[in-house]
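Here is the structure we will look at.
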Amino acid sequence: MNPVNYLYLAALLFTIGATGVLIRRNAIVVFMCIELMLNACNLAFVAFSRMHGNLDGQIIAFFTMVVAAAEVVVGLAIIVSLFRTRHSASVDDASLMKL
Amino acid sequence: MSGQLAAYTTSTGEAFQFWVLGTVAVIGALCTVFMKKAVHSALCLAGTMIVLAVFYLANGAYFLGIVQIVVYTGAIMMLFLFVVMLVGVTAADSLRETIRGQRWLALLCGLGFGILLMGGIGHASIKEFNGLTQANANGNVEGLAALIFTKYVFAFEITGALLITAAVGAMVLTHRERTERARTQRELAEQRVREGKHLPPLPAPGVYARHNAVDIAGLLPDGTPSELTVNKTLRERGQIRDVSAEALNDLRALEQRAEERLERTAIDPVNVKRAEEASK
Amino acid sequence: MENLIALLIAAPLLGAAVLLCGGRRLDAVGHWIGTVLAAVSFVIGVVLFADLLGRSADDRTLTQHLWSWIPVEGFKADVAFQLDQLSMTFVLLITGVGSLIHLYSVGYMEHDERRRRFFGYLNLFLAAMLLLVLADNYLLLYVGWEGVGLASYLLIGFWQHKPSAATAAKKAFLVNRVGDMGLSIAVMLMFTTFGTFAFAPLLGTQEEPGIAGDASEGTLTGIALLLLLAACGKSAQVPLQSWLGDAMEGPTPVSALIHAATMVTAGVYLIVRSGAIFNAAPDAQLVVTVVGAVTLLFGAIVGCAKDDIKKALAGSTMSQIGYMVLAAGLGPIGYVWAIMHLVTHGFFKAGLFLGAGSVMHGMNDEVDMRRYGGLRKYMPITFVTFGLGYLAIIGFPGLSGFFSKDKIIEAAFAKGGTEGWILGGAALLGAAITAYYMTRVMLMTFFGEKRWQPDADGHEPHPHESPRSMTIPMIVLAFGSVFAGAFFTIGDRFLNWLEPVTGDDHGHSPLSATTVTLATMVVLVVGVAIAYGQYGRRPVPVVAPRGSMLTRAARRDLLQDDFNHVVLVRGGEHLTRSLVYVDHTLVDGVVNGTAASVGGLSGRMRRVQNGFVRSYAVSMFGGAAILIAATLLMRAV
């Protein structure tokens, strides 16, 4: 087996996550899907790191995790405050931008 | 295997692990997307992440594998679950699409995107890889540390600032400013008197001697359940268990069994009454 | 000496400014200020004339550069003046006759409470006309040209409380606009063709021709025809003649000023000044002669039928200007005679108009000649001066009209060929008709028995001689009418004076000068005899008889207004209506259709912006997919 397979898996997971973002309406699930996409990227980075034989890919994955953590914290806070004002966690309810 | 010698294949064990766990990961991802309840989605996602952590380990990223388990599955997914609980585990998300054509467009885009991405990877035709033996020679954590504190030190510092900002941001976003003074207990009591209802504390739930769970409404003297006794949240979710009829059903079942045992065909109500009087 | 040129214009301009801005304080002396400033201008003109006479014939062009008006790279317009023999002639005519008319107006407008304003307008008129004849380039000439139009508008409509006067002023202004447009386009065309519109480089001198001849004949014909259009507007030539008759609504001195000294002569000046252009465009010259000949007969016929003394004279003016335009169209053969007739006409026509004004003054502003009759006993001075003007205009031997008109007829024959015969014949016929209608005016006004009646208010007119301020100008003008022609002709004074500017050419006349003179005398006698037979021997009916069809048509100015109404007004209305239709359906259709389609399209596009984050995310995702596809494609290629 070639480690390239990890890349295929990462691409598959990323696509599933992206589709989930588009399909689901519950903001929390949408967020989970985003996390899935980030993890898929991380997997790709780790696989690249192995293929290239240096650790920079892992470093990037590490930073991605940190940023994802920060993003989750802020994103969930947003969801909580959104829920508090709208009593709903559906992203479709926040559609005030339309005419 | 000497340091820079390129490898063409991995061990059979890893291949086996990849195919098994990879399937699990994909199934977990799909379940994340398609599960109706957010809690289930979160659990499936956690499973996928653990699988990914194993893959990290298999790819020589030992530090990241552990971090993935500790930070992602341990902390972030727990945060998700907390929020799911906080926001309310609304019975289930309707999966019915409200935006016309959204689902088809999304699937089309996803399909196209995935095919293109994979086509791109396949196009790259990577035949060999270097492996991390040399990079991990002094230990994976040491190697990462050496990079983080030298080459990536500024990025590292900046992520620190980012984390602090995120923490502050979360507090700012969830902080609720009181727009009016909280009412004291006395004021609440006075309000109840003014409105003329429930002067005493609300009745407790449960049917004593039989049930004492919080989701069981207490019975009124005529045997009907009182919703007042149940917590408001449960009431709104419709999670009240009605046990008002249980006692009578139990009694009826008992009598049925007694008759069967005594081989009586029917209960004569007159006899019963007489028997009762006689017992007095 | 050159520096005096600007003063010529400045004096009346100052008068206009002072009188129009001065307010009521100047009511008492305003008319004298105006008259004195006009006279000052005349005196300056005389001084300059004396200076020019003192120079040799080749050195009689003075120029004065005041300032650069539009100093743009590639487009240079200066406020500069050029005084040569031609301008000088006009300056003397304008200021001289103009001053006399000012003097006359002092008496004529005595009872008008807006007299100060009237004199302000008169001065403005003089200033504009002087600017016109003194400008050294076409653009500045155009300024004067428009100034004349403005002043004529103000003066014709001076009695604006009369709707007819207001309408007449508007009509004059609008008809003039047509001509003005011709001039402005001509100036633009000149600039694009030659890069300049200054006289000196454009027209050159007799010895060194200017660059005007360098252009193609087609361009020159175009410019010349546009200049002719301008001249037609100002000089009331067919087809832009219709304003002149209505312009009689203005006070009589205005009519005199317009007809004798200022406005209508501008067209002749323009043609003669642009001689270099016309000489190079024979087709345009032919058109000019045709316009002149037609107008000559047109005006004469109209003059025969009018019972209004001023309108009869207006027809006469049109006819006489027609003579001048005809002569100007003949080229160097006729330029000098056109100008000479213009000057003599200035004298006798001003005299005739002032005489008519004097008659009206004594007759309670009655203008219908059928209600005059026998006035020679009541107004002897007016009778004599008017009579001398009459003799001059019909070309009585020895008087000024005789010399100038005779020369024009001669020149028309000298044109040669069939054209010469036709033009000469028309001019001769015109002379006969002139004799007829002027005799008619004379007989109806001053001879026969009195026919006046009390007017609507019951006031019996008391014909009386006019005051001194009115008669003196008439007497002076009568002197001019009598002697100017002879003075100019004897020793070819006028020819020698103007020849350096206009050139000279005798042509090849099929008839000798004597023959032409004799023929003129014959038609003159015939015309007078017919008129005497109709109006002298029989009493004139107070109510005009129905008359022949021609008479009736002539009374209506030969249907000029009906023609304009049917062809221009109705046609214009139809054109406008169809354009409006096209505008509504086609233009608005295109515009509104575009707007509607854009609106409809955006209405549909708007649905894309449904506000749902997920829809936007789909487009982002699709975009990302497309980007990847593009990248792969580029890689593949």
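Residue numbering restarts at 1 for every chain of the structure tokens, chains are lettered A, B, ... in their displayed order, and ligands are numbered from 1 as they appear.
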
### Task
Compile the contact shell of Ala247 in chain B as a ChimeraX atom specification: residues with an atom at most 10 Å away, counting only C-alpha atoms, same-chain residues fewer than 5 positions apart removed.
/B:210,223,252-253

Hey, can you spit out that residue selection with N, CA, C and O atoms as a PDB file, in the first residue's frame?
ATOM      1  N   ARG B 210     -44.815   4.673  45.108  1.00  0.00           N
ATOM      2  CA  ARG B 210     -44.718   3.928  43.853  1.00  0.00           C
ATOM      3  C   ARG B 210     -43.609   4.496  42.959  1.00  0.00           C
ATOM      4  O   ARG B 210     -42.743   3.773  42.484  1.00  0.00           O
ATOM      5  N   GLY B 223     -57.220  11.447  40.856  1.00  0.00           N
ATOM      6  CA  GLY B 223     -56.416  10.484  40.125  1.00  0.00           C
ATOM      7  C   GLY B 223     -55.817  10.989  38.830  1.00  0.00           C
ATOM      8  O   GLY B 223     -55.074  10.298  38.166  1.00  0.00           O
ATOM      9  N   ARG B 252     -56.142  -4.616  38.564  1.00  0.00           N
ATOM     10  CA  ARG B 252     -56.964  -5.475  37.718  1.00  0.00           C
ATOM     11  C   ARG B 252     -56.195  -6.741  37.353  1.00  0.00           C
ATOM     12  O   ARG B 252     -56.713  -7.849  37.391  1.00  0.00           O
ATOM     13  N   ALA B 253     -54.937  -6.561  37.035  1.00  0.00           N
ATOM     14  CA  ALA B 253     -54.115  -7.725  36.675  1.00  0.00           C
ATOM     15  C   ALA B 253     -54.016  -8.693  37.856  1.00  0.00           C
ATOM     16  O   ALA B 253     -54.089  -9.927  37.694  1.00  0.00           O
TER      17      ALA B 253
END

Residues of chain A within 6 Å of chain B: nearest atom pair and distance (Å, one decimal) for each, counting only C-alpha atoms, sorted by chain and number, as JSON lines?
{"residue": "A:Met1", "atom": "CA", "partner": "B:Thr9", "partner_atom": "CA", "distance": 5.2}
{"residue": "A:Asn2", "atom": "CA", "partner": "B:Thr9", "partner_atom": "CA", "distance": 5.1}
{"residue": "A:Thr15", "atom": "CA", "partner": "B:Gly114", "partner_atom": "CA", "distance": 5.6}
{"residue": "A:Thr19", "atom": "CA", "partner": "B:Gly110", "partner_atom": "CA", "distance": 5.5}
{"residue": "A:Gly20", "atom": "CA", "partner": "B:Val33", "partner_atom": "CA", "distance": 5.1}
{"residue": "A:Leu22", "atom": "CA", "partner": "B:Ala106", "partner_atom": "CA", "distance": 5.9}
{"residue": "A:Arg50", "atom": "CA", "partner": "B:Gly131", "partner_atom": "CA", "distance": 5.0}
{"residue": "A:Met51", "atom": "CA", "partner": "B:Phe129", "partner_atom": "CA", "distance": 4.4}
{"residue": "A:His52", "atom": "CA", "partner": "B:Asn130", "partner_atom": "CA", "distance": 5.5}
{"residue": "A:Gly53", "atom": "CA", "partner": "B:Leu132", "partner_atom": "CA", "distance": 4.7}
{"residue": "A:Asn54", "atom": "CA", "partner": "B:Ala135", "partner_atom": "CA", "distance": 5.7}
{"residue": "A:Ala70", "atom": "CA", "partner": "B:Ala166", "partner_atom": "CA", "distance": 5.3}
{"residue": "A:Val74", "atom": "CA", "partner": "B:Ala170", "partner_atom": "CA", "distance": 5.0}
{"residue": "A:Ala77", "atom": "CA", "partner": "B:Ala170", "partner_atom": "CA", "distance": 5.1}
{"residue": "A:Ser81", "atom": "CA", "partner": "B:Thr174", "partner_atom": "CA", "distance": 5.6}

Tell me, counting only C-alpha atoms, for each residue of chain C within 12 Å of chain A, which pair of atoms is nearest and how far apart they are in Å to one decimal, in rows ordered by chain and increasing number, as a tab-separated table.
residue	atom	partner	partner_atom	distance
C:Gly603	CA	A:Leu99	CA	10.9
C:Met605	CA	A:Leu99	CA	12.0
C:Arg606	CA	A:Leu99	CA	8.2
C:Arg607	CA	A:Lys98	CA	8.9
C:Val608	CA	A:Lys98	CA	9.5
C:Gln609	CA	A:Lys98	CA	6.1
C:Asn610	CA	A:Lys98	CA	5.0
C:Gly611	CA	A:Lys98	CA	4.0
C:Phe612	CA	A:Ser95	CA	5.1
C:Val613	CA	A:Val91	CA	7.0
C:Arg614	CA	A:Leu22	CA	5.4
C:Ser615	CA	A:Leu22	CA	7.7
C:Tyr616	CA	A:Leu22	CA	9.2
C:Ala617	CA	A:Leu22	CA	6.6
C:Val618	CA	A:Leu22	CA	6.4
C:Ser619	CA	A:Leu22	CA	10.1
C:Met620	CA	A:Leu22	CA	10.4
C:Phe621	CA	A:Ala18	CA	7.9
C:Gly622	CA	A:Ala18	CA	10.8
C:Ala624	CA	A:Ala18	CA	11.2
C:Ala625	CA	A:Thr15	CA	10.7

Mind writing the picked residues with N, CA, C and O atoms as an mmCIF file, in the first residue's frame?
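What follows is the written file selection.cif:
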data_model
loop_
_atom_site.group_PDB
_atom_site.id
_atom_site.type_symbol
_atom_site.label_atom_id
_atom_site.label_comp_id
_atom_site.auth_asym_id
_atom_site.auth_seq_id
_atom_site.Cartn_x
_atom_site.Cartn_y
_atom_site.Cartn_z
ATOM 1 N N GLY C 603 -34.524 40.696 -11.226
ATOM 2 C CA GLY C 603 -35.542 40.054 -10.402
ATOM 3 C C GLY C 603 -35.284 38.556 -10.292
ATOM 4 O O GLY C 603 -35.470 37.963 -9.235
ATOM 5 N N MET C 605 -32.268 37.166 -10.942
ATOM 6 C CA MET C 605 -30.971 36.979 -10.287
ATOM 7 C C MET C 605 -31.107 37.138 -8.780
ATOM 8 O O MET C 605 -30.356 36.563 -8.006
ATOM 9 N N ARG C 606 -32.086 37.974 -8.386
ATOM 10 C CA ARG C 606 -32.248 38.252 -6.976
ATOM 11 C C ARG C 606 -32.565 36.985 -6.195
ATOM 12 O O ARG C 606 -32.180 36.848 -5.041
ATOM 13 N N ARG C 607 -33.267 36.071 -6.871
ATOM 14 C CA ARG C 607 -33.633 34.831 -6.175
ATOM 15 C C ARG C 607 -32.400 34.098 -5.698
ATOM 16 O O ARG C 607 -32.451 33.339 -4.738
ATOM 17 N N VAL C 608 -31.294 34.281 -6.464
ATOM 18 C CA VAL C 608 -30.056 33.630 -6.033
ATOM 19 C C VAL C 608 -29.651 34.150 -4.659
ATOM 20 O O VAL C 608 -29.161 33.405 -3.814
ATOM 21 N N GLN C 609 -29.905 35.436 -4.426
ATOM 22 C CA GLN C 609 -29.551 36.030 -3.139
ATOM 23 C C GLN C 609 -30.693 35.787 -2.170
ATOM 24 O O GLN C 609 -31.435 36.695 -1.831
ATOM 25 N N ASN C 610 -30.847 34.536 -1.711
ATOM 26 C CA ASN C 610 -32.006 34.255 -0.886
ATOM 27 C C ASN C 610 -31.725 34.444 0.591
ATOM 28 O O ASN C 610 -32.589 34.228 1.410
ATOM 29 N N GLY C 611 -30.497 34.803 0.940
ATOM 30 C CA GLY C 611 -30.204 35.076 2.338
ATOM 31 C C GLY C 611 -29.805 33.848 3.118
ATOM 32 O O GLY C 611 -29.386 33.958 4.257
ATOM 33 N N PHE C 612 -29.942 32.661 2.498
ATOM 34 C CA PHE C 612 -29.567 31.451 3.228
ATOM 35 C C PHE C 612 -28.078 31.212 3.089
ATOM 36 O O PHE C 612 -27.546 31.133 1.987
ATOM 37 N N VAL C 613 -27.409 31.100 4.254
ATOM 38 C CA VAL C 613 -25.964 30.922 4.252
ATOM 39 C C VAL C 613 -25.583 29.696 3.433
ATOM 40 O O VAL C 613 -24.593 29.704 2.713
ATOM 41 N N ARG C 614 -26.429 28.690 3.488
ATOM 42 C CA ARG C 614 -26.045 27.452 2.834
ATOM 43 C C ARG C 614 -26.022 27.600 1.325
ATOM 44 O O ARG C 614 -25.204 26.986 0.654
ATOM 45 N N SER C 615 -26.948 28.452 0.800
ATOM 46 C CA SER C 615 -26.910 28.692 -0.644
ATOM 47 C C SER C 615 -25.602 29.357 -1.041
ATOM 48 O O SER C 615 -24.984 28.992 -2.042
ATOM 49 N N TYR C 616 -25.213 30.326 -0.239
ATOM 50 C CA TYR C 616 -23.946 31.003 -0.548
ATOM 51 C C TYR C 616 -22.798 30.015 -0.445
ATOM 52 O O TYR C 616 -21.864 30.028 -1.263
ATOM 53 N N ALA C 617 -22.889 29.134 0.560
ATOM 54 C CA ALA C 617 -21.821 28.153 0.723
ATOM 55 C C ALA C 617 -21.742 27.248 -0.490
ATOM 56 O O ALA C 617 -20.654 26.892 -0.942
ATOM 57 N N VAL C 618 -22.917 26.900 -1.072
ATOM 58 C CA VAL C 618 -22.906 26.061 -2.267
ATOM 59 C C VAL C 618 -22.153 26.744 -3.385
ATOM 60 O O VAL C 618 -21.317 26.143 -4.063
ATOM 61 N N SER C 619 -22.441 28.064 -3.548
ATOM 62 C CA SER C 619 -21.754 28.744 -4.650
ATOM 63 C C SER C 619 -20.247 28.792 -4.384
ATOM 64 O O SER C 619 -19.444 28.648 -5.312
ATOM 65 N N MET C 620 -19.859 29.008 -3.115
ATOM 66 C CA MET C 620 -18.430 28.996 -2.798
ATOM 67 C C MET C 620 -17.817 27.652 -3.126
ATOM 68 O O MET C 620 -16.751 27.547 -3.729
ATOM 69 N N PHE C 621 -18.543 26.618 -2.735
ATOM 70 C CA PHE C 621 -18.028 25.264 -2.931
ATOM 71 C C PHE C 621 -17.906 24.954 -4.413
ATOM 72 O O PHE C 621 -16.894 24.428 -4.884
ATOM 73 N N GLY C 622 -18.976 25.326 -5.153
ATOM 74 C CA GLY C 622 -18.927 25.137 -6.591
ATOM 75 C C GLY C 622 -17.761 25.905 -7.198
ATOM 76 O O GLY C 622 -17.050 25.400 -8.081
ATOM 77 N N ALA C 624 -14.986 26.651 -5.733
ATOM 78 C CA ALA C 624 -13.753 25.952 -5.407
ATOM 79 C C ALA C 624 -13.549 24.788 -6.357
ATOM 80 O O ALA C 624 -12.441 24.564 -6.861
ATOM 81 N N ALA C 625 -14.653 24.087 -6.644
ATOM 82 C CA ALA C 625 -14.548 22.960 -7.566
ATOM 83 C C ALA C 625 -14.083 23.435 -8.927
ATOM 84 O O ALA C 625 -13.198 22.829 -9.552
#

### Query
For Thr73 in chain B, which residue among B:Met85, B:Ala189, B:Leu251, B:Leu43 is the nearest when counting only C-alpha atoms?
B:Leu43

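For the choices B:Arg241, B:His123, B:Thr150, B:Asp250, the atom-to-atom distance to chain C is smallest for B:His123 when using only C-alpha atoms.
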
### Task
Write out as an MDAnalysis selection string all residues of chain A that backbone DSSP assigns to helix (DSSP H, G or I).
chainID A and resid 4:23 27:52 56:86 91:93

Taking only range 128-280 of chain B into account, list the residues labelled strand (DSSP E or B) by DSSP (computed from the backbone), as a PDB file with C-alpha atoms, in the first residue's frame.
ATOM      1  CA  PHE B 129       7.842   8.175  -0.268  1.00  0.00           C
ATOM      2  CA  VAL B 207     -46.463   9.263  43.212  1.00  0.00           C
ATOM      3  CA  HIS B 211     -42.687   6.391  41.775  1.00  0.00           C
ATOM      4  CA  ILE B 216     -43.745  11.583  36.645  1.00  0.00           C
ATOM      5  CA  GLY B 218     -48.085  13.835  40.805  1.00  0.00           C
ATOM      6  CA  LEU B 219     -51.702  12.782  40.945  1.00  0.00           C
ATOM      7  CA  PRO B 225     -51.933  13.835  36.802  1.00  0.00           C
ATOM      8  CA  SER B 226     -50.989  17.468  37.506  1.00  0.00           C
ATOM      9  CA  ARG B 241     -44.733   9.919  32.090  1.00  0.00           C
TER      10      ARG B 241
END

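Near Arg114 in chain C, within 10 Å and counting only C-alpha atoms, sit Arg24, Asp27, Met109, Glu110, Phe118, Phe119, Phe158 and Trp159 of chain C, not including residues fewer than 4 positions from it in the same chain.
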
What does the file look like for those residues with all heavy atoms, as a PDB file, in the first residue's frame?
ATOM      1  N   ARG C  24     -34.581 106.547 -13.555  1.00  0.00           N
ATOM      2  CA  ARG C  24     -35.478 107.660 -13.854  1.00  0.00           C
ATOM      3  C   ARG C  24     -34.818 109.028 -13.761  1.00  0.00           C
ATOM      4  O   ARG C  24     -35.322 109.998 -14.321  1.00  0.00           O
ATOM      5  CB  ARG C  24     -36.670 107.633 -12.898  1.00  0.00           C
ATOM      6  CG  ARG C  24     -37.534 106.428 -13.105  1.00  0.00           C
ATOM      7  CD  ARG C  24     -38.707 106.423 -12.162  1.00  0.00           C
ATOM      8  NE  ARG C  24     -39.453 105.183 -12.301  1.00  0.00           N
ATOM      9  CZ  ARG C  24     -40.235 104.908 -13.340  1.00  0.00           C
ATOM     10  NH1 ARG C  24     -40.393 105.799 -14.297  1.00  0.00           N
ATOM     11  NH2 ARG C  24     -40.855 103.757 -13.422  1.00  0.00           N
ATOM     12  N   ASP C  27     -34.434 110.717 -16.977  1.00  0.00           N
ATOM     13  CA  ASP C  27     -35.582 110.856 -17.868  1.00  0.00           C
ATOM     14  C   ASP C  27     -35.590 112.199 -18.584  1.00  0.00           C
ATOM     15  O   ASP C  27     -35.916 112.298 -19.758  1.00  0.00           O
ATOM     16  CB  ASP C  27     -36.878 110.696 -17.059  1.00  0.00           C
ATOM     17  CG  ASP C  27     -37.293 109.234 -17.011  1.00  0.00           C
ATOM     18  OD1 ASP C  27     -36.611 108.433 -17.702  1.00  0.00           O
ATOM     19  OD2 ASP C  27     -38.233 108.896 -16.292  1.00  0.00           O
ATOM     20  N   MET C 109     -40.881 111.075 -30.106  1.00  0.00           N
ATOM     21  CA  MET C 109     -41.195 110.298 -28.919  1.00  0.00           C
ATOM     22  C   MET C 109     -41.450 111.191 -27.707  1.00  0.00           C
ATOM     23  O   MET C 109     -41.396 110.727 -26.574  1.00  0.00           O
ATOM     24  CB  MET C 109     -40.039 109.329 -28.589  1.00  0.00           C
ATOM     25  CG  MET C 109     -39.739 108.338 -29.681  1.00  0.00           C
ATOM     26  SD  MET C 109     -41.094 107.202 -30.008  1.00  0.00           S
ATOM     27  CE  MET C 109     -40.918 106.078 -28.631  1.00  0.00           C
ATOM     28  N   GLU C 110     -41.732 112.457 -27.986  1.00  0.00           N
ATOM     29  CA  GLU C 110     -41.822 113.434 -26.896  1.00  0.00           C
ATOM     30  C   GLU C 110     -42.831 113.013 -25.829  1.00  0.00           C
ATOM     31  O   GLU C 110     -42.620 113.209 -24.637  1.00  0.00           O
ATOM     32  CB  GLU C 110     -42.233 114.781 -27.473  1.00  0.00           C
ATOM     33  CG  GLU C 110     -41.982 115.926 -26.523  1.00  0.00           C
ATOM     34  CD  GLU C 110     -42.242 117.255 -27.206  1.00  0.00           C
ATOM     35  OE1 GLU C 110     -42.587 117.224 -28.414  1.00  0.00           O
ATOM     36  OE2 GLU C 110     -42.105 118.272 -26.549  1.00  0.00           O
ATOM     37  N   PHE C 118     -36.010 104.194 -24.853  1.00  0.00           N
ATOM     38  CA  PHE C 118     -35.996 104.128 -26.308  1.00  0.00           C
ATOM     39  C   PHE C 118     -34.646 104.583 -26.859  1.00  0.00           C
ATOM     40  O   PHE C 118     -34.050 103.944 -27.719  1.00  0.00           O
ATOM     41  CB  PHE C 118     -37.127 105.001 -26.845  1.00  0.00           C
ATOM     42  CG  PHE C 118     -37.251 104.988 -28.344  1.00  0.00           C
ATOM     43  CD1 PHE C 118     -37.845 103.924 -28.992  1.00  0.00           C
ATOM     44  CD2 PHE C 118     -36.781 106.052 -29.102  1.00  0.00           C
ATOM     45  CE1 PHE C 118     -37.963 103.917 -30.367  1.00  0.00           C
ATOM     46  CE2 PHE C 118     -36.897 106.044 -30.480  1.00  0.00           C
ATOM     47  CZ  PHE C 118     -37.493 104.979 -31.108  1.00  0.00           C
ATOM     48  N   PHE C 119     -34.148 105.669 -26.295  1.00  0.00           N
ATOM     49  CA  PHE C 119     -32.849 106.169 -26.787  1.00  0.00           C
ATOM     50  C   PHE C 119     -31.718 105.224 -26.409  1.00  0.00           C
ATOM     51  O   PHE C 119     -30.737 105.070 -27.138  1.00  0.00           O
ATOM     52  CB  PHE C 119     -32.587 107.584 -26.263  1.00  0.00           C
ATOM     53  CG  PHE C 119     -33.219 108.622 -27.124  1.00  0.00           C
ATOM     54  CD1 PHE C 119     -34.554 108.974 -26.943  1.00  0.00           C
ATOM     55  CD2 PHE C 119     -32.517 109.223 -28.151  1.00  0.00           C
ATOM     56  CE1 PHE C 119     -35.148 109.907 -27.766  1.00  0.00           C
ATOM     57  CE2 PHE C 119     -33.102 110.156 -28.969  1.00  0.00           C
ATOM     58  CZ  PHE C 119     -34.433 110.488 -28.769  1.00  0.00           C
ATOM     59  N   PHE C 158     -41.021  97.701 -28.939  1.00  0.00           N
ATOM     60  CA  PHE C 158     -40.913  98.744 -27.913  1.00  0.00           C
ATOM     61  C   PHE C 158     -42.266  99.039 -27.283  1.00  0.00           C
ATOM     62  O   PHE C 158     -42.376  99.241 -26.085  1.00  0.00           O
ATOM     63  CB  PHE C 158     -40.323 100.017 -28.525  1.00  0.00           C
ATOM     64  CG  PHE C 158     -40.068 101.083 -27.491  1.00  0.00           C
ATOM     65  CD1 PHE C 158     -39.025 100.952 -26.593  1.00  0.00           C
ATOM     66  CD2 PHE C 158     -40.885 102.197 -27.395  1.00  0.00           C
ATOM     67  CE1 PHE C 158     -38.813 101.911 -25.624  1.00  0.00           C
ATOM     68  CE2 PHE C 158     -40.662 103.156 -26.426  1.00  0.00           C
ATOM     69  CZ  PHE C 158     -39.621 103.009 -25.548  1.00  0.00           C
ATOM     70  N   TRP C 159     -43.286  99.060 -28.129  1.00  0.00           N
ATOM     71  CA  TRP C 159     -44.635  99.248 -27.568  1.00  0.00           C
ATOM     72  C   TRP C 159     -45.193  97.865 -27.233  1.00  0.00           C
ATOM     73  O   TRP C 159     -46.168  97.398 -27.832  1.00  0.00           O
ATOM     74  CB  TRP C 159     -45.505  99.996 -28.564  1.00  0.00           C
ATOM     75  CG  TRP C 159     -45.167 101.458 -28.604  1.00  0.00           C
ATOM     76  CD1 TRP C 159     -44.758 102.218 -27.564  1.00  0.00           C
ATOM     77  CD2 TRP C 159     -45.198 102.320 -29.753  1.00  0.00           C
ATOM     78  NE1 TRP C 159     -44.523 103.520 -27.967  1.00  0.00           N
ATOM     79  CE2 TRP C 159     -44.794 103.609 -29.307  1.00  0.00           C
ATOM     80  CE3 TRP C 159     -45.528 102.141 -31.088  1.00  0.00           C
ATOM     81  CZ2 TRP C 159     -44.700 104.697 -30.167  1.00  0.00           C
ATOM     82  CZ3 TRP C 159     -45.451 103.212 -31.929  1.00  0.00           C
ATOM     83  CH2 TRP C 159     -45.035 104.483 -31.467  1.00  0.00           C
TER      84      TRP C 159
END

### Task
Rank B:Val70, B:Ala204, B:Val24, B:Met78 by their smallest atom-to-atom distance to Val73 in chain A, using only C-alpha atoms, and report the top residue only.
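Looking at the shortest contact to Val73 in chain A, the residue is B:Met78.
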
#### Entry: Atomic distance CA of Arg370 in chain C - CA of Ala305 in chain C, expressed in Å with one decimal
12.0 Å

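Between CA of Phe494 in chain C and CA of Phe90 in chain C the interatomic distance comes to 12.9 Å.
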
### Query
Quick one: of C:Val587, C:Arg552, C:Ala478, C:Tyr436, who's nearest to Val528 in chain C, counting only C-alpha atoms?
C:Tyr436
